[in-house]
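The structure appears right after this line, and notes come after that.
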Amino acid sequence: MRYFLILFLSVVTTYANAGNIEISVSEARTLMTSNAFVIDIRRLEEWKSTGIVPGSVTSTFFNKDGTANLDTFLIDLREKVSPSHTLLLICRTGRRTKVAANYLIANTEYKSVYSVSGGITDWKRKGLRTVAYP
């Protein structure tokens, strides 16, 4: 509950000052050719159900009950991706990633963070490749 409250207050504050953090699947694909990492913030059962974007980093941001999984998520992220990289957050439809992107920008050293609008649903709808989650 504590993490949910912290996350909620952070997001409310950030939305008041936020720029546009949403990008399309096409824009994400362009950024993937440079210094960007796709971070899939969904849960294990979602990765197994739809597959993941090739080369993406998987780490759950929200638990099934909607609470933030901040400690584990941030440890995973810091182990795998430098703050100097651009992060492209992806979930099922893009709703969770907007919250997560705003949180990261406001509360961590990661400042180049984007939410992929439409998420993995739009990715697959456009016929783009996914790979099975191991």
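Letters A, B, ... go to the chains of the structure tokens in the order shown; residues in each chain start at 1; ligands are counted from 1 in the same order.
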Would you mind listing what lies within 12 Å of Leu31 (chain A) as a ChimeraX atom specification, with only C-alpha atoms counted and same-chain residues fewer than 2 positions away left out? /A:23-29,33-38,85-88,112-114,116
I need the residues of region 14-127 of chain A that end up classed as strand (DSSP E) by DSSP on the backbone, written out as a PDB file with N, CA and C atoms, in the first residue's frame.
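Final file, selection.pdb:
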```pdb
ATOM      1  N   GLU A  22       4.410   9.850 -24.659  1.00  0.00           N
ATOM      2  CA  GLU A  22       3.895   8.767 -25.492  1.00  0.00           C
ATOM      3  C   GLU A  22       4.496   8.812 -26.889  1.00  0.00           C
ATOM      4  N   ILE A  23       4.866   7.624 -27.367  1.00  0.00           N
ATOM      5  CA  ILE A  23       5.342   7.500 -28.739  1.00  0.00           C
ATOM      6  C   ILE A  23       4.620   6.332 -29.395  1.00  0.00           C
ATOM      7  N   ALA A  36      18.289   2.955 -27.617  1.00  0.00           N
ATOM      8  CA  ALA A  36      17.071   2.711 -26.843  1.00  0.00           C
ATOM      9  C   ALA A  36      16.905   1.239 -26.486  1.00  0.00           C
ATOM     10  N   PHE A  37      16.325   1.010 -25.318  1.00  0.00           N
ATOM     11  CA  PHE A  37      16.011  -0.330 -24.850  1.00  0.00           C
ATOM     12  C   PHE A  37      14.512  -0.441 -24.646  1.00  0.00           C
ATOM     13  N   VAL A  38      13.921  -1.538 -25.112  1.00  0.00           N
ATOM     14  CA  VAL A  38      12.523  -1.815 -24.824  1.00  0.00           C
ATOM     15  C   VAL A  38      12.467  -2.504 -23.460  1.00  0.00           C
ATOM     16  N   ILE A  39      11.666  -1.935 -22.576  1.00  0.00           N
ATOM     17  CA  ILE A  39      11.477  -2.504 -21.244  1.00  0.00           C
ATOM     18  C   ILE A  39      10.026  -2.958 -21.159  1.00  0.00           C
ATOM     19  N   ASP A  40       9.809  -4.255 -21.103  1.00  0.00           N
ATOM     20  CA  ASP A  40       8.457  -4.811 -21.031  1.00  0.00           C
ATOM     21  C   ASP A  40       8.084  -4.927 -19.558  1.00  0.00           C
ATOM     22  N   VAL A  57      13.970  -6.056 -22.412  1.00  0.00           N
ATOM     23  CA  VAL A  57      14.258  -6.366 -21.018  1.00  0.00           C
ATOM     24  C   VAL A  57      12.905  -6.566 -20.345  1.00  0.00           C
ATOM     25  N   THR A  58      12.739  -7.651 -19.608  1.00  0.00           N
ATOM     26  CA  THR A  58      11.474  -7.918 -18.942  1.00  0.00           C
ATOM     27  C   THR A  58      11.612  -7.723 -17.440  1.00  0.00           C
ATOM     28  N   THR A  86      17.980   5.488 -23.668  1.00  0.00           N
ATOM     29  CA  THR A  86      16.564   5.795 -23.794  1.00  0.00           C
ATOM     30  C   THR A  86      15.777   4.534 -23.477  1.00  0.00           C
ATOM     31  N   LEU A  87      14.720   4.675 -22.669  1.00  0.00           N
ATOM     32  CA  LEU A  87      13.864   3.554 -22.307  1.00  0.00           C
ATOM     33  C   LEU A  87      12.539   3.666 -23.041  1.00  0.00           C
ATOM     34  N   LEU A  88      12.119   2.572 -23.649  1.00  0.00           N
ATOM     35  CA  LEU A  88      10.837   2.488 -24.327  1.00  0.00           C
ATOM     36  C   LEU A  88      10.009   1.477 -23.558  1.00  0.00           C
ATOM     37  N   LEU A  89       9.117   1.950 -22.709  1.00  0.00           N
ATOM     38  CA  LEU A  89       8.329   1.065 -21.871  1.00  0.00           C
ATOM     39  C   LEU A  89       7.137   0.532 -22.660  1.00  0.00           C
ATOM     40  N   ILE A  90       6.910  -0.780 -22.547  1.00  0.00           N
ATOM     41  CA  ILE A  90       5.786  -1.399 -23.245  1.00  0.00           C
ATOM     42  C   ILE A  90       5.007  -2.276 -22.273  1.00  0.00           C
ATOM     43  N   VAL A 113      12.634   8.582 -21.084  1.00  0.00           N
ATOM     44  CA  VAL A 113      11.728   7.453 -20.903  1.00  0.00           C
ATOM     45  C   VAL A 113      10.438   7.732 -21.670  1.00  0.00           C
ATOM     46  N   TYR A 114       9.993   6.742 -22.437  1.00  0.00           N
ATOM     47  CA  TYR A 114       8.787   6.894 -23.243  1.00  0.00           C
ATOM     48  C   TYR A 114       7.849   5.713 -23.048  1.00  0.00           C
ATOM     49  N   SER A 115       6.578   5.980 -23.197  1.00  0.00           N
ATOM     50  CA  SER A 115       5.527   4.974 -23.152  1.00  0.00           C
ATOM     51  C   SER A 115       5.122   4.651 -24.591  1.00  0.00           C
ATOM     52  N   VAL A 116       5.183   3.380 -24.950  1.00  0.00           N
ATOM     53  CA  VAL A 116       4.796   2.970 -26.299  1.00  0.00           C
ATOM     54  C   VAL A 116       3.271   2.869 -26.346  1.00  0.00           C
TER      55      VAL A 116
END
```
For Ala68 (chain A), which residue among A:Ile21, A:Thr130, A:Tyr103, A:Asp122 is the nearest when counting only C-alpha atoms?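 Using only C-alpha atoms, the shortest distance to Ala68 (chain A) belongs to A:Tyr103.
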For Leu77 (chain A), which residue among A:Arg42, A:Arg129, A:Pro54, A:Thr60 is the nearest when counting only C-alpha atoms?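 Ranked by minimum distance to Leu77 (chain A), first place goes to A:Thr60.
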Going by DSSP on the backbone, which residues of chain A come out as helix (DSSP H, G or I)? List them as a ChimeraX atom specification. /A:2-17,25-32,44-50,70-80,95-107,119-125
When you count only C-alpha atoms, which of these residues is closest to Leu44 (chain A): A:Thr121, A:Asn63, A:Thr93, A:Ser84?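 Among the listed residues, the smallest separation from Leu44 (chain A) belongs to A:Asn63.
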CA of Gly51 (chain A) and CA of Ala132 (chain A), how far apart in Å?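 Going from CA of Ala132 (chain A) over to CA of Gly51 (chain A) covers 4.5 Å.
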What lies within 7 Å of Cys91 (chain A) using only C-alpha atoms, ignoring chain neighbours under 5 positions off, as a PyMOL selection string? chain A and resi 40-42+96-97+119-120
If you measure from CA of Glu46 (chain A) to CA of Ala101 (chain A), what distance in Å do you get, rounded to one decimal?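 Value for the CA of Glu46 (chain A)-CA of Ala101 (chain A) distance: 19.4 Å.
You will find CA of Val53 (chain A) at 20.3 Å from CA of Val99 (chain A).
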Measuring between only C-alpha atoms, which one of A:Ile75, A:Ile52, A:Ile105, A:Leu70 shows the shortest distance to Asn20 (chain A)?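 Among the listed residues, A:Ile105 lies closest to Asn20 (chain A).
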Nearest-residue call for Gly55 (chain A), choices A:Met32, A:Arg43, A:Trp123, A:Leu104, using only C-alpha atoms: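 Under the stated criterion, the closest residue is A:Met32.
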